>>> print(open('coords.cif').read())   # mmCIF, C-alpha atoms and all ligand atoms
data_entry
loop_
_atom_site.label_atom_id
_atom_site.label_comp_id
_atom_site.auth_asym_id
_atom_site.auth_seq_id
_atom_site.Cartn_x
_atom_site.Cartn_y
_atom_site.Cartn_z
CA MET N 271 132.40 -51.64 41.64
CA ALA N 272 136.07 -51.31 42.60
CA ASN N 273 137.79 -54.44 43.98
CA SER N 274 137.79 -54.46 47.78
CA TYR N 275 140.94 -55.30 49.77
CA TRP N 276 140.59 -56.84 53.21
CA VAL N 277 143.19 -55.22 55.45
CA GLU N 278 144.47 -57.22 58.40
CA PRO N 279 147.06 -55.12 60.23
CA ASP N 280 149.85 -57.21 61.76
CA ILE N 281 150.77 -55.20 64.85
CA LYS N 282 153.56 -57.60 65.81
CA PHE N 283 155.16 -57.08 62.40
CA VAL N 284 154.95 -53.28 62.79
CA LYS N 285 156.67 -53.51 66.17
CA GLN N 286 159.38 -55.78 64.74
CA LEU N 287 160.10 -53.25 61.96
CA MET N 288 160.31 -50.50 64.55
CA GLY N 289 162.79 -52.59 66.55
CA LEU N 290 164.93 -53.08 63.42
CA GLY N 291 165.51 -49.35 62.88
CA GLY N 292 162.11 -48.32 61.43
CA GLU N 293 160.81 -46.73 64.63
CA THR N 294 159.74 -43.56 62.75
CA LEU N 295 157.40 -45.30 60.30
CA LYS N 296 154.23 -44.01 61.96
CA LYS N 297 155.21 -40.39 61.30
CA CYS N 298 154.52 -40.73 57.57
CA PHE N 299 151.51 -38.73 56.33
CA GLN N 300 151.67 -39.92 52.72
CA CYS N 301 152.85 -36.75 50.98
CA ALA N 302 154.84 -38.83 48.41
CA THR N 303 157.88 -36.53 48.48
CA CYS N 304 160.07 -39.60 49.05
CA SER N 305 158.94 -41.34 45.85
CA VAL N 306 159.52 -38.14 43.87
CA VAL N 307 163.06 -37.52 45.13
CA CYS N 308 164.27 -41.14 45.07
CA PRO N 309 166.93 -41.26 42.32
CA ILE N 310 166.59 -45.03 41.86
CA SER N 311 162.85 -45.64 41.89
CA PRO N 312 161.22 -46.47 38.52
CA ASP N 313 158.55 -44.09 37.17
CA GLU N 314 155.86 -46.74 37.25
CA LYS N 315 154.67 -47.79 40.73
CA PRO N 316 157.53 -45.90 42.42
CA PHE N 317 158.80 -46.58 45.92
CA PRO N 318 159.06 -45.94 48.89
CA ARG N 319 155.69 -44.20 49.61
CA LYS N 320 153.59 -47.30 48.91
CA GLU N 321 155.92 -49.33 51.16
CA MET N 322 155.43 -46.75 53.92
CA ILE N 323 151.64 -47.28 53.77
CA ALA N 324 152.15 -51.05 53.94
CA ALA N 325 154.59 -50.68 56.87
CA GLN N 326 152.16 -48.49 58.83
CA TRP N 327 149.36 -50.99 58.31
CA GLY N 328 151.56 -53.99 59.03
CA LEU N 329 150.89 -55.50 55.61
CA LYS N 330 153.65 -58.07 55.74
CA ASP N 331 152.74 -59.79 52.48
CA LYS N 332 153.12 -56.48 50.62
CA LEU N 333 156.64 -55.94 51.98
CA VAL N 334 158.32 -59.33 52.42
CA GLY N 335 158.84 -60.55 48.86
CA ASN N 336 158.51 -57.04 47.41
CA MET N 337 161.40 -56.59 44.94
CA ASP N 338 161.28 -52.78 45.33
CA VAL N 339 162.39 -53.07 48.95
CA TRP N 340 165.64 -54.55 47.59
CA LEU N 341 166.06 -52.11 44.72
CA CYS N 342 166.44 -49.40 47.37
CA HIS N 343 170.14 -48.79 48.17
CA GLN N 344 169.50 -46.84 51.39
CA CYS N 345 170.95 -43.66 49.97
CA ASN N 346 168.49 -41.82 52.25
CA ASP N 347 167.80 -38.96 49.86
CA CYS N 348 164.13 -39.67 50.63
CA SER N 349 164.76 -39.45 54.39
CA SER N 350 166.51 -36.10 54.00
CA TYR N 351 163.56 -34.59 52.15
CA CYS N 352 160.80 -36.23 54.21
CA PRO N 353 158.92 -33.36 55.89
CA ARG N 354 157.85 -35.60 58.77
CA GLY N 355 161.17 -37.24 59.68
CA ALA N 356 159.65 -40.66 58.90
CA ARG N 357 163.01 -41.91 57.53
CA PRO N 358 161.61 -44.08 54.70
CA GLY N 359 165.12 -45.23 53.72
CA ASP N 360 165.64 -46.67 57.19
CA VAL N 361 162.15 -48.23 57.18
CA LEU N 362 162.98 -50.08 53.95
CA ASN N 363 166.27 -51.16 55.51
CA ALA N 364 164.28 -52.56 58.45
CA VAL N 365 162.05 -54.49 56.02
CA ARG N 366 165.14 -55.98 54.37
CA SER N 367 166.56 -56.99 57.77
CA TYR N 368 163.23 -58.65 58.63
CA SER N 369 163.08 -60.38 55.22
CA ILE N 370 166.59 -61.82 55.63
CA GLN N 371 165.44 -63.50 58.85
CA GLN N 372 162.25 -64.76 57.16
CA TYR N 373 164.08 -66.42 54.28
CA ALA N 374 166.90 -67.91 56.34
CA TRP N 375 166.85 -71.53 57.44
CA PRO N 376 166.77 -72.97 60.12
CA SER N 377 164.41 -70.44 61.68
CA TRP N 378 165.79 -70.87 65.25
CA LEU N 379 169.24 -69.74 64.10
CA ALA N 380 167.66 -66.90 62.13
CA ARG N 381 166.12 -65.73 65.41
CA ILE N 382 169.35 -66.01 67.44
CA VAL N 383 171.72 -64.13 65.10
CA PRO N 384 169.90 -60.75 65.15
CA ASP N 385 169.15 -60.97 68.89
CA ALA N 386 171.37 -58.38 70.63
CA ARG N 387 171.15 -60.32 73.91
CA LEU N 388 172.74 -63.45 72.38
CA TRP N 389 175.90 -62.08 70.70
CA TRP N 390 178.02 -63.97 73.25
CA LEU N 391 176.44 -67.29 72.21
CA LEU N 392 177.41 -66.73 68.57
CA LEU N 393 181.05 -66.26 69.64
CA ALA N 394 180.91 -69.12 72.15
CA ILE N 395 179.94 -71.66 69.44
CA PRO N 396 183.21 -71.41 67.42
CA VAL N 397 185.30 -70.98 70.60
CA ALA N 398 183.87 -74.26 71.97
CA ILE N 399 184.37 -76.09 68.64
CA PHE N 400 187.98 -74.89 68.35
CA LEU N 401 188.84 -75.74 71.96
CA VAL N 402 187.41 -79.25 71.64
CA LEU N 403 189.25 -79.89 68.35
CA LEU N 404 192.58 -78.41 69.50
CA GLY N 405 192.35 -80.04 72.94
CA GLY N 406 191.36 -83.41 71.45
CA THR N 407 194.31 -83.40 69.04
CA GLY N 408 196.87 -82.16 71.60
CA TYR N 409 197.45 -78.74 70.02
CA LEU N 410 196.05 -76.57 72.81
CA LYS N 411 199.34 -74.88 73.75
CA ILE N 412 201.67 -72.11 72.57
CA PRO N 413 204.31 -73.86 70.41
CA ALA N 414 208.01 -73.14 70.94
CA GLY N 415 210.33 -71.73 68.26
CA GLU N 416 209.62 -69.64 65.16
CA ILE N 417 205.98 -68.52 64.95
CA GLU N 418 204.04 -70.65 62.48
CA PHE N 419 200.28 -70.60 62.86
CA ALA N 420 200.01 -74.12 61.43
CA LYS N 421 202.01 -75.43 64.43
CA PHE N 422 199.26 -74.07 66.72
CA PHE N 423 196.13 -74.58 64.59
CA PRO N 424 196.97 -77.24 61.95
CA THR N 425 195.86 -76.39 58.42
CA LEU N 426 194.01 -79.69 58.22
CA LEU N 427 191.86 -78.73 61.22
CA VAL N 428 191.21 -75.29 59.69
CA ASP N 429 190.06 -76.97 56.48
CA ILE N 430 187.95 -79.57 58.33
CA ILE N 431 186.03 -76.65 59.88
CA PHE N 432 185.89 -74.12 57.05
CA VAL N 433 185.63 -76.21 53.88
CA PRO N 434 182.25 -77.75 54.88
CA LEU N 435 181.07 -74.30 55.99
CA ALA N 436 181.90 -72.81 52.58
CA THR N 437 180.94 -75.73 50.35
CA VAL N 438 177.97 -77.32 52.17
CA TRP N 439 176.52 -74.98 54.79
CA LEU N 440 176.45 -71.73 52.79
CA PRO N 441 175.09 -73.26 49.53
CA LEU N 442 172.46 -75.22 51.49
CA VAL N 443 171.18 -72.31 53.61
CA PHE N 444 171.36 -69.79 50.78
CA GLY N 445 169.82 -72.32 48.36
CA ILE N 446 166.74 -72.62 50.60
CA GLY N 447 166.58 -68.85 51.10
CA ILE N 448 166.95 -68.13 47.37
CA TYR N 449 164.22 -70.65 46.49
CA ARG N 450 161.79 -69.02 48.93
CA PHE N 451 162.81 -65.49 47.92
CA MET N 452 162.45 -66.03 44.18
CA ASN N 453 159.01 -67.63 44.56
CA ASP N 454 157.88 -64.73 46.73
CA ILE N 455 159.14 -61.86 44.60
CA HIS N 456 157.70 -63.47 41.44
CA LYS N 457 154.30 -64.00 43.12
CA ASN N 458 154.34 -60.49 44.56
CA ALA N 459 155.37 -58.87 41.27
CA LEU N 460 152.53 -60.63 39.42
CA ALA N 461 149.99 -59.67 42.10
CA GLU N 462 151.14 -56.02 42.06
CA GLY N 463 151.26 -55.80 38.25
CA LYS N 464 155.02 -55.12 38.25
CA ALA N 465 156.03 -58.05 36.01
CA LYS N 466 155.34 -58.24 32.30
CA ARG N 467 156.35 -61.90 32.17
CA LYS N 468 154.10 -64.46 33.83
CA ASP N 469 156.62 -67.33 33.82
CA LEU N 470 159.90 -67.66 35.69
CA ASN N 471 162.28 -68.99 33.08
CA ILE N 472 165.63 -69.87 34.68
CA PRO N 473 167.93 -69.45 31.60
CA ASP N 474 166.38 -66.03 30.86
CA PHE N 475 166.65 -65.04 34.50
CA LEU N 476 170.34 -65.98 34.49
CA LYS N 477 170.82 -63.66 31.49
CA SER N 478 169.34 -60.89 33.66
CA VAL N 479 171.85 -61.74 36.40
CA VAL N 480 174.68 -61.30 33.86
CA CYS N 481 173.10 -58.03 32.72
CA ILE N 482 173.17 -56.43 36.18
CA LEU N 483 176.69 -57.56 37.15
CA PRO N 484 178.40 -54.45 35.67
CA THR N 485 175.95 -52.23 37.62
CA ILE N 486 176.85 -54.06 40.83
CA LEU N 487 180.60 -54.09 40.21
CA ARG N 488 180.58 -50.37 39.37
CA HIS N 489 178.15 -49.63 42.21
CA SER N 490 176.56 -47.19 39.80
CA LYS N 491 173.30 -47.00 41.83
CA PHE N 492 175.24 -45.56 44.78
CA SER N 493 176.70 -42.82 42.60
CA GLN N 494 173.16 -41.51 42.00
CA CYS N 495 172.83 -40.72 45.74
CA SER N 496 173.28 -37.29 47.30
CA THR N 497 172.78 -37.72 51.06
CA ASN N 498 174.92 -40.83 51.36
CA LYS N 499 177.32 -40.23 48.49
CA ASP N 500 180.30 -41.26 50.62
CA ARG N 501 178.82 -44.74 51.03
CA TYR N 502 179.93 -45.37 47.44
CA LEU N 503 183.65 -45.46 48.29
CA ALA N 504 183.10 -47.47 51.47
CA HIS N 505 181.02 -50.11 49.69
CA ILE N 506 183.30 -50.40 46.68
CA LEU N 507 186.34 -50.87 48.96
CA VAL N 508 184.59 -53.56 51.00
CA LEU N 509 183.26 -55.38 47.91
CA PHE N 510 186.60 -55.51 46.10
CA SER N 511 188.56 -56.37 49.23
CA PHE N 512 186.27 -59.36 49.81
CA ILE N 513 186.78 -60.40 46.17
CA GLY N 514 190.57 -60.03 46.66
CA LEU N 515 190.53 -62.11 49.87
CA PHE N 516 188.39 -64.74 48.15
CA VAL N 517 190.97 -65.02 45.34
CA VAL N 518 193.81 -65.23 47.91
CA THR N 519 192.09 -67.97 49.94
CA ASN N 520 191.51 -70.07 46.83
CA PHE N 521 195.08 -69.57 45.68
CA PHE N 522 196.47 -70.74 49.03
CA PHE N 523 194.14 -73.74 48.93
CA VAL N 524 195.39 -74.73 45.46
CA ALA N 525 199.02 -74.01 46.47
CA LEU N 526 198.71 -76.26 49.52
CA TYR N 527 196.76 -79.23 48.19
CA ILE N 528 197.64 -79.27 44.48
CA LEU N 529 201.05 -77.61 44.23
CA HIS N 530 202.13 -78.82 47.70
CA GLU N 531 203.54 -75.40 48.63
CA PRO N 532 202.51 -74.98 52.27
CA GLY N 533 204.22 -71.58 52.82
CA PRO N 534 204.82 -69.36 54.75
CA TYR N 535 205.11 -66.86 51.89
CA SER N 536 207.33 -63.77 51.84
CA LEU N 537 205.74 -60.32 52.06
CA ALA N 538 206.93 -59.67 48.48
CA ASN N 539 204.93 -62.63 47.12
CA PRO N 540 202.26 -61.21 44.72
CA VAL N 541 199.48 -63.21 46.40
CA LYS N 542 200.61 -61.99 49.81
CA ILE N 543 200.64 -58.44 48.44
CA LEU N 544 197.07 -58.92 47.20
CA ALA N 545 196.09 -60.28 50.64
CA ASN N 546 197.59 -57.30 52.47
CA VAL N 547 196.22 -54.70 50.04
CA SER N 548 192.75 -56.29 50.33
CA ALA N 549 192.96 -56.30 54.13
CA ILE N 550 193.97 -52.60 54.20
CA ALA N 551 191.15 -51.74 51.75
CA LEU N 552 188.71 -53.65 53.95
CA PHE N 553 189.90 -51.79 57.05
CA ILE N 554 189.52 -48.39 55.36
CA GLY N 555 186.12 -49.37 53.91
CA VAL N 556 184.77 -50.42 57.33
CA LEU N 557 186.09 -47.24 58.98
CA LEU N 558 184.34 -45.17 56.28
CA MET N 559 181.12 -47.11 56.90
CA ILE N 560 181.34 -46.39 60.62
CA SER N 561 182.03 -42.70 60.05
CA ASN N 562 179.13 -42.51 57.58
CA ARG N 563 176.72 -44.07 60.07
CA LEU N 564 177.87 -41.77 62.87
CA LYS N 565 177.74 -38.64 60.74
CA ASP N 566 174.87 -36.34 61.64
CA LYS N 567 172.44 -36.35 58.71
CA GLY N 568 169.62 -35.01 60.86
CA SER N 569 166.88 -36.93 62.72
CA ASN N 570 169.14 -39.98 63.22
CA VAL N 571 168.95 -40.78 59.48
CA GLY N 572 170.94 -43.92 58.61
CA LYS N 573 172.21 -44.57 62.14
CA GLY N 574 171.23 -48.23 61.83
CA SER N 575 170.09 -50.90 64.26
CA TYR N 576 171.91 -53.73 66.06
CA PHE N 577 171.44 -55.80 62.87
CA ASP N 578 173.48 -53.26 60.85
CA TRP N 579 176.11 -52.65 63.52
CA SER N 580 176.71 -56.31 64.35
CA LEU N 581 178.01 -56.91 60.81
CA ILE N 582 180.20 -53.80 60.86
CA VAL N 583 181.71 -54.83 64.21
CA LEU N 584 182.23 -58.40 62.98
CA VAL N 585 184.10 -57.29 59.83
CA LEU N 586 186.12 -54.78 61.85
CA GLY N 587 187.04 -57.53 64.33
CA LEU N 588 187.96 -59.81 61.44
CA VAL N 589 190.31 -57.36 59.78
CA VAL N 590 191.87 -56.03 63.01
CA THR N 591 192.64 -59.50 64.41
CA GLY N 592 193.95 -60.63 60.99
CA GLY N 593 196.27 -57.62 60.78
CA LEU N 594 197.44 -57.96 64.38
CA SER N 595 198.09 -61.70 63.87
CA GLU N 596 200.46 -60.88 61.04
CA LEU N 597 202.13 -57.93 62.80
CA THR N 598 202.70 -59.81 66.08
CA ARG N 599 204.03 -62.79 64.11
CA LEU N 600 206.54 -60.52 62.36
CA ALA N 601 207.40 -58.94 65.74
CA HIS N 602 208.06 -62.43 67.18
CA LEU N 603 205.48 -62.16 69.97
CA PRO N 604 204.13 -65.73 70.24
CA ALA N 605 202.14 -65.09 73.44
CA VAL N 606 200.07 -62.49 71.54
CA ALA N 607 200.26 -63.81 67.96
CA TYR N 608 198.74 -67.28 68.62
CA PRO N 609 195.75 -66.10 70.71
CA MET N 610 195.20 -63.31 68.14
CA TYR N 611 195.14 -65.90 65.34
CA PHE N 612 192.68 -67.99 67.36
CA THR N 613 190.43 -64.91 67.76
CA HIS N 614 190.76 -64.14 64.06
CA LEU N 615 189.54 -67.64 63.19
CA VAL N 616 186.57 -67.16 65.56
CA PHE N 617 185.59 -64.04 63.55
CA VAL N 618 186.10 -65.88 60.24
CA PHE N 619 183.85 -68.69 61.49
CA CYS N 620 181.16 -66.16 62.51
CA LEU N 621 181.31 -64.47 59.11
CA PHE N 622 180.89 -67.76 57.20
CA ALA N 623 178.45 -69.56 59.50
CA TYR N 624 176.11 -66.61 60.13
CA LEU N 625 176.39 -64.92 56.73
CA PRO N 626 172.90 -65.97 55.48
CA TYR N 627 171.34 -64.49 58.66
CA SER N 628 173.36 -61.29 58.70
CA LYS N 629 173.09 -58.03 56.84
CA LEU N 630 175.71 -59.34 54.39
CA ALA N 631 172.98 -61.59 52.91
CA HIS N 632 171.75 -58.47 51.09
CA LEU N 633 174.57 -59.12 48.62
CA VAL N 634 172.66 -62.17 47.42
CA TYR N 635 169.07 -60.95 47.78
CA ARG N 636 169.63 -57.50 46.27
CA THR N 637 171.47 -59.05 43.33
CA LEU N 638 168.52 -61.37 42.71
CA ALA N 639 165.95 -58.58 43.07
CA MET N 640 167.87 -56.33 40.68
CA ALA N 641 168.12 -59.20 38.19
CA TYR N 642 164.42 -59.97 38.60
CA SER N 643 163.57 -56.31 37.99
CA ARG N 644 165.33 -56.58 34.60
CA TYR N 645 163.79 -59.97 33.92
CA ALA N 646 160.30 -58.63 34.68
CA GLU N 647 161.06 -55.64 32.43
CA ARG N 648 160.49 -53.23 35.30
CA GLU N 649 163.87 -51.66 34.50
CA PRO N 650 165.96 -51.85 31.30
CA CYS N 651 169.42 -53.40 31.23
CA GLU N 652 172.01 -50.60 31.32
S1 LIG P 701 157.79 -41.07 54.23
FE1 LIG P 701 157.86 -38.86 54.45
S2 LIG P 701 158.15 -38.12 52.34
FE2 LIG P 701 157.41 -40.22 52.20
S3 LIG P 701 155.22 -40.09 52.02
FE3 LIG P 701 155.68 -40.33 54.18
S4 LIG P 701 155.80 -38.28 54.99
FE4 LIG P 701 155.93 -38.08 52.80
S1 LIG P 702 166.87 -44.71 50.54
FE1 LIG P 702 167.43 -43.89 48.54
S2 LIG P 702 167.03 -45.60 47.13
FE2 LIG P 702 165.95 -46.04 49.03
S3 LIG P 702 163.92 -45.24 48.70
FE3 LIG P 702 165.08 -43.65 49.72
S4 LIG P 702 165.86 -42.38 48.08
FE4 LIG P 702 165.21 -44.30 47.17
#
>>> encode(input="coords.cif", output="C-alpha cells", more="lines below")
Ligand code: SF4
Ligand code: SF4
Amino acid sequence: MANSYWVEPDIKFVKQLMGLGGETLKKCFQCATCSVVCPISPDEKPFPRKEMIAAQWGLKDKLVGNMDVWLCHQCNDCSSYCPRGARPGDVLNAVRSYSIQQYAWPSWLARIVPDARLWWLLLAIPVAIFLVLLGGTGYLKIPAGEIEFAKFFPTLLVDIIFVPLATVWLPLVFGIGIYRFMNDIHKNALAEGKAKRKDLNIPDFLKSVVCILPTILRHSKFSQCSTNKDRYLAHILVLFSFIGLFVVTNFFFVALYILHEPGPYSLANPVKILANVSAIALFIGVLLMISNRLKDKGSNVGKGSYFDWSLIVLVLGLVVTGGLSELTRLAHLPAVAYPMYFTHLVFVFCLFAYLPYSKLAHLVYRTLAMAYSRYAEREPCE
C-alpha cells in the first residue's frame, strides 16, 4: 500500500502568503507549465509547481526550509506563461519573505519590520538614539564655520553606534538565522529525497560555498531569464556598489584609527572616487529596480509587496541623502547639509539594524541554499 500523508492545511499561513504578494496562489490548477518553462529548475523534482500545491494547502513545513524556494530568482518566466495568472514566481517570493521572518531573531522585531503600519517606529528608533547621544554630549546644534560632518556628529559617536551593529548585532542575528535555516533545509532535503548526502559536513559545505561564488558574482542565473532580463543589470549594479561601499568604509576606518588620517579627502582621492562611483551605481541600480517593478508585465506580475518595496525605498533614501549630504556640503549650505547627514545616518542605521529582517537577507539565505544544492548534488558546480 502507498504511504499515506496526513494533510493539515494551515489557513493562517495561506493568508500570510497572500498578504506578502502571493494573493493569486489559489488560481493554480496544477498544469505544470511553470515547472517546464522555468530556466533554473533542475530536471529532477522541478519547481515551482510542487510549491504551488503546498502553498494552496498551507503546507508550511514543505515550503519553509525548502531549498528550491531559494533557488528561484524571481525571473517570472513561469508567471508569464501561467495560463491561470497564478503568478508562481511571486508566490515563491512571498514564501521567501515569510521564511526570512521565521528565521530571524528576536521574533518580535521580525514581526515589526515587515509591518507596513509600523514603518515610523523603525525610523523613530535611530532618531531617538541619535538625539539622546548628540544632546547628551552637547553636539545637538549646527556648527559654525566650514562644513565638517565630524563637528556635528563626532566620528567616535558614529563608531560607537555602527561598529557594534556591524560586528556584534549582524553576526549574532544572522548566526542564529543561519543555524536554523541550515538545519531546516538539510532536514527538508532528506525528507523530500533531494539530497544524496545524509550528513552535513561543514568543510565540504564551505567548498560548495566557494563553488557558487562565481555564479553569484556573475549573476549568471539572472541572465537565463526572459521576462525579467533587465533585473540582471539592476542587481549587478546594486551588488557591486555595495561591495564598493563596503571597501570604502573599511578603508576610512583603517585610515582613521591606524593611519591617523581623519580626512576630509579631496574628490580626486581614489577611495573617494570609488565611493562616488559606487553611490552613482547604486542610485542607477535602484532606479532600474523601481522601473522594472512598475513595468507592465501583465496581471501585476512582479509588482511586489510592502516587504519588497520597503527595502527599495530604504536604499533609495540612503543613496539620495548620502549624495545630497555631499552636494550641500560642497555648496556650503550648512542648514541643509547637517540635517541631511543626520537623515543619511538614520537610513544607514535602518539598513544595518534591520538587514536580517528585510528582503536583503536573501543575499545570505539564497547563497546558502545555492551552496547546499551543490553540496547535496542536486546541481553540479559550474
Ligand atoms: S502556477 Fe500556473 S503554470 Fe504553474 S501549475 Fe499552476 S496553473 Fe499551471
Ligand atoms: S520565477 Fe523564474 S526561477 Fe522562479 S520558478 Fe519562476 S521561472 Fe523559475
>>> closest_residue(input="coords.cif", among="N:Gln300, N:Gln344, N:Asn336, N:Thr519", to="Ile323 of chain N", atoms="only C-alpha atoms")
N:Gln300
>>> residues_near_ligand(input="coords.cif", ligand="ligand LIG 701 (chain P)", cutoff="6 Å", atoms="only C-alpha atoms and all ligand atoms", output="CSV table (one decimal) with C-alpha atoms, in the frame of the given file")
chain,number,residue,atom,x,y,z
N,298,CYS,CA,154.5,-40.7,57.6
N,299,PHE,CA,151.5,-38.7,56.3
N,300,GLN,CA,151.7,-39.9,52.7
N,301,CYS,CA,152.8,-36.8,51.0
N,302,ALA,CA,154.8,-38.8,48.4
N,303,THR,CA,157.9,-36.5,48.5
N,304,CYS,CA,160.1,-39.6,49.0
N,319,ARG,CA,155.7,-44.2,49.6
N,352,CYS,CA,160.8,-36.2,54.2
N,353,PRO,CA,158.9,-33.4,55.9
N,354,ARG,CA,157.8,-35.6,58.8
N,356,ALA,CA,159.6,-40.7,58.9
N,358,PRO,CA,161.6,-44.1,54.7
>>> closest_residue(input="coords.cif", among="N:Leu503, N:Leu295, N:Ala325, N:Met610", to="Met559 of chain N", atoms="all atoms listed in the file")
N:Leu503
>>> residues_near_ligand(input="coords.cif", ligand="ligand LIG 702 (chain P)", cutoff="6 Å", atoms="all atoms listed in the file", output="list in words")
Cys308, Pro309, Ile310, Ser311, Phe317, Pro318, Cys342, His343, Gln344, Cys345, Asn346, Asp347, Cys348 and Gly359 of chain N
>>> closest_residue(input="coords.cif", among="N:Lys296, N:Leu287, N:Val334, N:Asp280", to="Arg450 of chain N", atoms="only C-alpha atoms")
N:Val334
>>> closest_atom_pairs(input="coords.cif", of="segment 554-647 of chain N", to="segment 451-466 of chain N", cutoff="9 Å", atoms="all atoms listed in the file", output="Markdown table")
| residue | atom | partner | partner_atom | distance |
| --- | --- | --- | --- | --- |
| N:Tyr635 | CA | N:Phe451 | CA | 7.7 |
| N:Leu638 | CA | N:Met452 | CA | 7.8 |
| N:Ala639 | CA | N:Ile455 | CA | 7.7 |
| N:Tyr642 | CA | N:His456 | CA | 8.1 |
| N:Ser643 | CA | N:Ala465 | CA | 8.0 |
| N:Tyr645 | CA | N:Ala465 | CA | 8.3 |
| N:Ala646 | CA | N:Ala465 | CA | 4.5 |
| N:Glu647 | CA | N:Lys466 | CA | 6.3 |
>>> atom_distance(input="coords.cif", atom1="atom CA of Pro279 of chain N", atom2="atom CA of Leu329 of chain N")
6.0 Å
